[in-house]
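Heads up: the structure comes next, in structure tokens.
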Amino acid sequence: MPFKENRKLDDRINLPETEERCKKFWAENNVYAYDADRPREETFVIDTPPPTVSGSLHIGHIFSYTQTDVIARFQRMLGKTVFYPIGWDDNGLPTERRVQNYFNITCDPLLPYEPEMKFTHDEKDETPRKHVSRKNFIEACEQLTAADESVFENVFKNIGHSYDWNIKYTTIGRQSIKISQESFIDLYNKGFIKSIESPTMWDTTFQSAVAQAEIEDREIPGFFHDINFRLADSDENITIATTRPEFLPACIAIVAHPEDERYKRFFGKKAIVPLFETPVEIIPSEHAEKDKGTGIMMVCTFGDAADVAWWKASGLPLKQIVGKNGRLLDITFGEKPFVSLDSNKANLAYREIAGLETREARKVIVRLLREAGALKDEPRPITHTVKFYEKGNKPLEFVTSRQWFIRLQDKKDMLTEAGRQIKWKPQHMQTRYEEWVKGLNQDWCISRQRFFGVPFPVWYKVDDKGNADYDNPIIAEKSQLPVDPMTDVPQGYTEEQRGQANGFVGDKDVMDTWATSSLTPQIALSYGNSDKLSLPFDIRPQAHDIIRTWAFYTIAKALMHENTIPWKEILISGFILDPDRKKMSKSKGNVVTPQNLIDKYGADSVRYWAAKARLGIDTAFEENVMAQGKKLVNKIFNAGKFVFNIVEKSALNGCSDYAGYICEPTDISWQNKMSATIAQATKFLQAYDYAGALEVIEKRFWDFCDNYLEIVKKRAYADGEKSAIASLMKTIDLFLRIFAPFCPFITEEIYQTRPWDVNNRQSVHAGGWPQADVDQDDRRHEKLYDIITEITAEIRKAKTEANLSQKTGVKSVTVEAPEEILAQLRPGSIDIINVGSLEEEALILKTGSELKVTDVILAVNEENECA
RNA sequence: GGGUGUGUAGCUCAGUUGGUCAGAGCGCUGCGUUCACAUCGCAGAGGUCACAAGUUCGAGCCUUGUCACACCCACCA
């Protein structure tokens, strides 16, 4: 039901119908389409965050995305064309995990493709995970993300976000893959990308490398084990505390603090690793702390990140004992680098743990140590923090593997400088960014040993012995993109040569999802078909939890590719917190879904709630604010309807050019107020302070309903006075426009049904933000409105205190004020008489030092109230 | 250990450069309201603005310190 010519406003507010009508109207009239022909200066460019498609939309999304929409709508109403894309971040591990759980499948790249395979969701499916081929798995991902994305799209449309749905991308889409691969090739050619074999943080469940930014610490229970190491050439023992005794076979050294008197005399000597009889040197190191554990520790490859750093510095050989599946590798003592004074004994011990998961191996080692008498005391339970992949449920291991890295550590200064060229709102968020850059201690590992992602556009030559040459990759030609090296063939080769001696193999890894989402500006531009736009965009809106990932990586990529900043300003939104001020939990999020709230309060009210919160401030979830929004929406509707009723019965019905009729002093004074409010709101919105703008607009609106409307009611309604009616028309026109960015539905509904401007049925959102030129206003009666409301308040108070109706008549009111005030007041006397139900001649004006209402004598009795 | 933010009425939050800044909404209390709106109106009570010291004629606002809470990073044998 689109808006028809001369449609009348409903008698009662009906939000669901209003919302449907508006959505249809906007879609049919392309109200939010970006105009690629307009020049850059007339364009507002937004780098919209593509939400992760791995479940349902959270109320937090609605919160921050709505704040951006308010800004977008304001800019559009200013007359700009708004480049406002929308995308879905659907590639990567989170999606794979959801697909695995949802369809109860797991990917086995060795299986053949089954073209007929279908996927269904069964809540009660308790059978073991079904193994499917890589291609089938990707199809399952595509199926589920497509379904999820259409749900997301509906919610965003229901809440009234004004994206240009023609500029819609997915990070797994063909175009995104192409741009992501181009990015890889560009960085490779610039020498910013390297592939190296190195210890990498590894999730054994997903069997993939993960990046520094994807790690989180978790407190888990564990044990301290005090293990005795025999000293070589001595009967003495030293006791070493460790939480990971299963790493004994990978021990490469013992370290203690150089100033530790207990161990100073041992430096340079050798200790013997129990069970495995490996001699290791005792070395001083600043890293060791005297008062932790026993003060002396073993270094293994690799129990934790400190081991990695220490190993790199030491130059000692690498003893990798944990495999990619998280199980202990099959190694043999006596072969390099696993030296032992007694290889038979060592191998006997190791055979007990080979093939076990690290946790199981730990238990076995403890038993063996106990049997060998090398365990000083029984293990002591502790709680310690361990690194996890944020989406994983097993601790990370350090596994040596070949990975692609983007060099960032040598660009810290440039990255910091780029951050300084961007305006951060709030400002302190820039500090967070800088601290993150300062603390970078790894390059960016972008390869993931997964399936649903952007493939590396890379193959490797295979030599005559069948070994791949990883140091000299074959990089795809740009004209070939997008490519999948597992099915596409490098130039100069044929498919028959795949995997053959003197042939080639494809790189089977995919990229980290951030490697693609860090290119959202470039991807959006490619979908936008614009030759007028380039980096930097105007704004990037996002939350503060992904400063270290999305913001950081986007800045890094823009710097490396275009040598510029990606956006001029970055607006950091806060979080929605549980009422107990913790981060909103999933369980809660499932109950309070955005759609439920839209259904309950209406889209405009949910938007009102979002727009009330300041940038960067975390806010507790408070449904009351939505109820408040609903009251406002209702009030806007009723005020509109009331004014329409007045206009329809008046001589100004159907009149478009009403402004010239506004001539009465009180009306002119009120319009001064409106101008001031518009000026304030405009200033706030230009500074992206949508909450500040909403506050002043809302305040003025309630003032309008409570005071001005009451003041002019009689003149407009009973007297049919044109000045009052025209002033009401103008006021409604102005409020509809300045509320439009916040409450797009109700404002459009009323705007389209005005009994004036009937030939102008453009969307209220298509432009027309009011100009507040206060300097051109007629300021002769500037103070009058405030004087009237002040006196009115005193009269109302007198009635309230007498427990009487506001309709009670007034016999006399005495106002004392300086002559200057009285001069302003006199032309508006009639309005005080009207609004206060004063009898004729009841208003007595006296000269005094300041404005004061001294006597209010009510008509019902002779009670005299002193104000 | 390093960094950032927050602490203002019972609750959720505003308080822009120090001078009507002690506020709003909700909640609470009282009263009113047939005629735009009970999704209403009018009014009221409620706060040593975390604490302490300092700067100033004057401090929620600036400085220093303390406490509490939250988030990020580092360390985690």
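Naming scheme: A, B, ... for chains in displayed order of the structure tokens; residues 1 onward per chain; ligands 1 onward as shown.
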- Item | Interface list for chain B, partner chain A, 12 Å threshold, only C-alpha atoms (C1' of nucleotides), as a PyMOL selection string | chain B and resi 2-6+11-16+24-27+30-33+35-44+69-77
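Using only C-alpha atoms (C1' of nucleotides), the protein and nucleic acid residues lying no more than 10 Å from A9 of chain B, apart from those fewer than 6 places from it along its own chain, are G23, G46 and G47 of chain B.
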- Query: Looking only at the backbone, which of the residues in segment 119-184 of chain A does DSSP tag as alpha helix (DSSP H), as a VMD selection string?
  - Reply: chain A and resid 134 to 158 174 to 184
- Item | Separation of atom CA of Gly55 of chain A from atom CA of Thr127 of chain A, in Å and rounded to one decimal | 22.3 Å
Contacts of segment 319-331 of chain A within 6 Å, only C-alpha atoms (C1' of nucleotides), excl. fewer than 6 positions in-chain, as a PDB file with N, CA and C atoms, in the first residue's frame:
ATOM      1  N   THR A 204      44.160 -26.563  17.527  1.00  0.00           N
ATOM      2  CA  THR A 204      44.210 -27.976  17.132  1.00  0.00           C
ATOM      3  C   THR A 204      42.835 -28.503  16.736  1.00  0.00           C
ATOM      4  N   ALA A 250      60.902 -31.987  24.737  1.00  0.00           N
ATOM      5  CA  ALA A 250      61.246 -30.859  23.867  1.00  0.00           C
ATOM      6  C   ALA A 250      62.053 -29.807  24.612  1.00  0.00           C
ATOM      7  N   THR A 301      60.232 -26.335  23.264  1.00  0.00           N
ATOM      8  CA  THR A 301      59.683 -25.869  21.982  1.00  0.00           C
ATOM      9  C   THR A 301      58.375 -26.620  21.727  1.00  0.00           C
ATOM     10  N   ALA A 354      53.664 -41.051  22.730  1.00  0.00           N
ATOM     11  CA  ALA A 354      53.542 -40.740  21.303  1.00  0.00           C
ATOM     12  C   ALA A 354      52.102 -40.967  20.854  1.00  0.00           C
ATOM     13  N   GLY A 355      51.562 -40.042  20.109  1.00  0.00           N
ATOM     14  CA  GLY A 355      50.214 -40.185  19.567  1.00  0.00           C
ATOM     15  C   GLY A 355      49.118 -39.696  20.484  1.00  0.00           C
ATOM     16  N   LEU A 356      49.454 -39.402  21.726  1.00  0.00           N
ATOM     17  CA  LEU A 356      48.421 -38.922  22.655  1.00  0.00           C
ATOM     18  C   LEU A 356      48.218 -37.415  22.490  1.00  0.00           C
ATOM     19  N   GLU A 357      47.024 -36.967  22.878  1.00  0.00           N
ATOM     20  CA  GLU A 357      46.822 -35.524  22.967  1.00  0.00           C
ATOM     21  C   GLU A 357      47.644 -35.000  24.131  1.00  0.00           C
TER      22      GLU A 357
END
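Residues surrounding C49 of chain B within 9 Å are U8, A22 and G60 of chain B [only C-alpha atoms (C1' of nucleotides); sequence separation below 5 positions excluded].
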- Query: Between atom CA of Thr332 of chain A and atom CA of Leu348 of chain A, what is the distance, to one decimal in Å?
  - Reply: 9.8 Å
- Item | A:Ala687, A:Leu525, A:Ala659, A:Leu93 ranked by distance to Asp47 of chain A, top pick (using only C-alpha atoms) |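 The shortest atom-to-atom distance to Asp47 of chain A comes from A:Leu525.
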- Spatial neighbours of segment 708-716 of chain A, 10 Å, only C-alpha atoms (C1' of nucleotides), chain gap at least 4 places, as a PyMOL selection string: chain A and resi 639+642-643+646-647+650+666-667+670+701-704+720-728+785+788-789+792+830-836
Take the residues just selected and output them with C-alpha atoms as a PDB file, in the first residue's frame.
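File produced: result_21.pdb:
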ATOM      1  CA  ALA A 639       0.192  16.509  17.244  1.00  0.00           C
ATOM      2  CA  PHE A 642      -4.511  17.720  15.555  1.00  0.00           C
ATOM      3  CA  VAL A 643      -2.870  20.319  13.364  1.00  0.00           C
ATOM      4  CA  ILE A 646      -7.360  22.520  12.368  1.00  0.00           C
ATOM      5  CA  VAL A 647      -5.971  23.163   8.904  1.00  0.00           C
ATOM      6  CA  SER A 650      -9.634  26.518   7.936  1.00  0.00           C
ATOM      7  CA  THR A 666       3.593  35.222  19.744  1.00  0.00           C
ATOM      8  CA  ASP A 667       3.808  33.188  16.551  1.00  0.00           C
ATOM      9  CA  TRP A 670       7.754  30.845  18.609  1.00  0.00           C
ATOM     10  CA  PHE A 701       8.846  19.246  20.567  1.00  0.00           C
ATOM     11  CA  TRP A 702       7.441  18.626  24.043  1.00  0.00           C
ATOM     12  CA  ASP A 703       7.573  22.356  24.626  1.00  0.00           C
ATOM     13  CA  PHE A 704       5.533  22.727  21.444  1.00  0.00           C
ATOM     14  CA  GLY A 720      -9.553  30.384  12.603  1.00  0.00           C
ATOM     15  CA  GLU A 721      -6.802  32.975  12.708  1.00  0.00           C
ATOM     16  CA  LYS A 722      -4.442  32.557   9.772  1.00  0.00           C
ATOM     17  CA  SER A 723      -1.263  33.557  11.582  1.00  0.00           C
ATOM     18  CA  ALA A 724      -1.711  30.862  14.214  1.00  0.00           C
ATOM     19  CA  ILE A 725      -2.705  28.212  11.692  1.00  0.00           C
ATOM     20  CA  ALA A 726       0.180  29.010   9.355  1.00  0.00           C
ATOM     21  CA  SER A 727       2.552  28.932  12.277  1.00  0.00           C
ATOM     22  CA  LEU A 728       1.303  25.467  13.225  1.00  0.00           C
ATOM     23  CA  TYR A 785       7.295  33.307  24.028  1.00  0.00           C
ATOM     24  CA  ILE A 788       4.229  33.842  28.204  1.00  0.00           C
ATOM     25  CA  THR A 789       5.310  30.341  29.204  1.00  0.00           C
ATOM     26  CA  THR A 792       1.513  30.402  32.239  1.00  0.00           C
ATOM     27  CA  ILE A 830      -4.430  37.649  24.480  1.00  0.00           C
ATOM     28  CA  ASP A 831      -2.520  34.358  24.507  1.00  0.00           C
ATOM     29  CA  ILE A 832      -2.102  34.424  28.265  1.00  0.00           C
ATOM     30  CA  ILE A 833      -5.800  35.117  28.611  1.00  0.00           C
ATOM     31  CA  ASN A 834      -6.548  32.180  26.302  1.00  0.00           C
ATOM     32  CA  VAL A 835      -4.219  29.599  27.740  1.00  0.00           C
ATOM     33  CA  GLY A 836      -4.867  30.450  31.368  1.00  0.00           C
TER      34      GLY A 836
END
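If you count only C-alpha atoms (C1' of nucleotides) and ignore residues fewer than 3 places along the chain from C51 of chain B, what sits within 12 Å of it is G7, U48, G65, U66, C67 and A68 of chain B.
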Go through segment 202-223 of chain A residue by residue and, counting only C-alpha atoms, keep those with an atom at most 12 Å from segment 94-98 of chain A; for each kept residue give the shortest atom pair and its distance in Å to one decimal, ordered by chain and increasing number, as a tab-separated table.
residue	atom	partner	partner_atom	distance
A:Thr205	CA	A:Arg97	CA	10.7
A:Phe206	CA	A:Arg97	CA	8.9
A:Glu214	CA	A:Pro94	CA	11.6
Please produce a file of the residues just selected, as a PDB file, in the first residue's frame, where the atoms kept are all heavy atoms.
ATOM      1  N   THR A 205      41.773 -27.812  17.155  1.00  0.00           N
ATOM      2  CA  THR A 205      40.435 -28.247  16.757  1.00  0.00           C
ATOM      3  C   THR A 205      40.174 -27.901  15.296  1.00  0.00           C
ATOM      4  O   THR A 205      39.798 -28.740  14.486  1.00  0.00           O
ATOM      5  CB  THR A 205      39.363 -27.556  17.623  1.00  0.00           C
ATOM      6  OG1 THR A 205      39.721 -27.701  18.995  1.00  0.00           O
ATOM      7  CG2 THR A 205      38.000 -28.166  17.375  1.00  0.00           C
ATOM      8  N   PHE A 206      40.404 -26.610  14.974  1.00  0.00           N
ATOM      9  CA  PHE A 206      40.188 -26.179  13.597  1.00  0.00           C
ATOM     10  C   PHE A 206      41.374 -26.534  12.703  1.00  0.00           C
ATOM     11  O   PHE A 206      41.300 -26.411  11.499  1.00  0.00           O
ATOM     12  CB  PHE A 206      39.937 -24.674  13.558  1.00  0.00           C
ATOM     13  CG  PHE A 206      38.610 -24.274  14.124  1.00  0.00           C
ATOM     14  CD1 PHE A 206      38.504 -23.717  15.378  1.00  0.00           C
ATOM     15  CD2 PHE A 206      37.460 -24.499  13.392  1.00  0.00           C
ATOM     16  CE1 PHE A 206      37.277 -23.365  15.898  1.00  0.00           C
ATOM     17  CE2 PHE A 206      36.224 -24.155  13.909  1.00  0.00           C
ATOM     18  CZ  PHE A 206      36.133 -23.593  15.168  1.00  0.00           C
ATOM     19  N   GLU A 214      43.288 -12.575  17.191  1.00  0.00           N
ATOM     20  CA  GLU A 214      42.158 -13.481  17.384  1.00  0.00           C
ATOM     21  C   GLU A 214      42.276 -14.305  18.663  1.00  0.00           C
ATOM     22  O   GLU A 214      41.511 -15.228  18.898  1.00  0.00           O
ATOM     23  CB  GLU A 214      42.063 -14.454  16.208  1.00  0.00           C
ATOM     24  CG  GLU A 214      41.773 -13.776  14.897  1.00  0.00           C
ATOM     25  CD  GLU A 214      41.934 -14.725  13.735  1.00  0.00           C
ATOM     26  OE1 GLU A 214      43.038 -15.241  13.527  1.00  0.00           O
ATOM     27  OE2 GLU A 214      40.935 -14.971  13.049  1.00  0.00           O
TER      28      GLU A 214
END
- Message: If DSSP is run on the backbone, what residues of segment 297-432 of chain A are strand (DSSP E)? A reply as a PyMOL selection string would be ideal.
- Response: chain A and resi 297-300+380-389+397-406+423-425
- Within 7 Å of Pro755 of chain A, counting only C-alpha atoms (C1' of nucleotides), which residues qualify if same-chain residues fewer than 6 places away don't, as a PyMOL selection string? chain A and resi 644+648+653-654
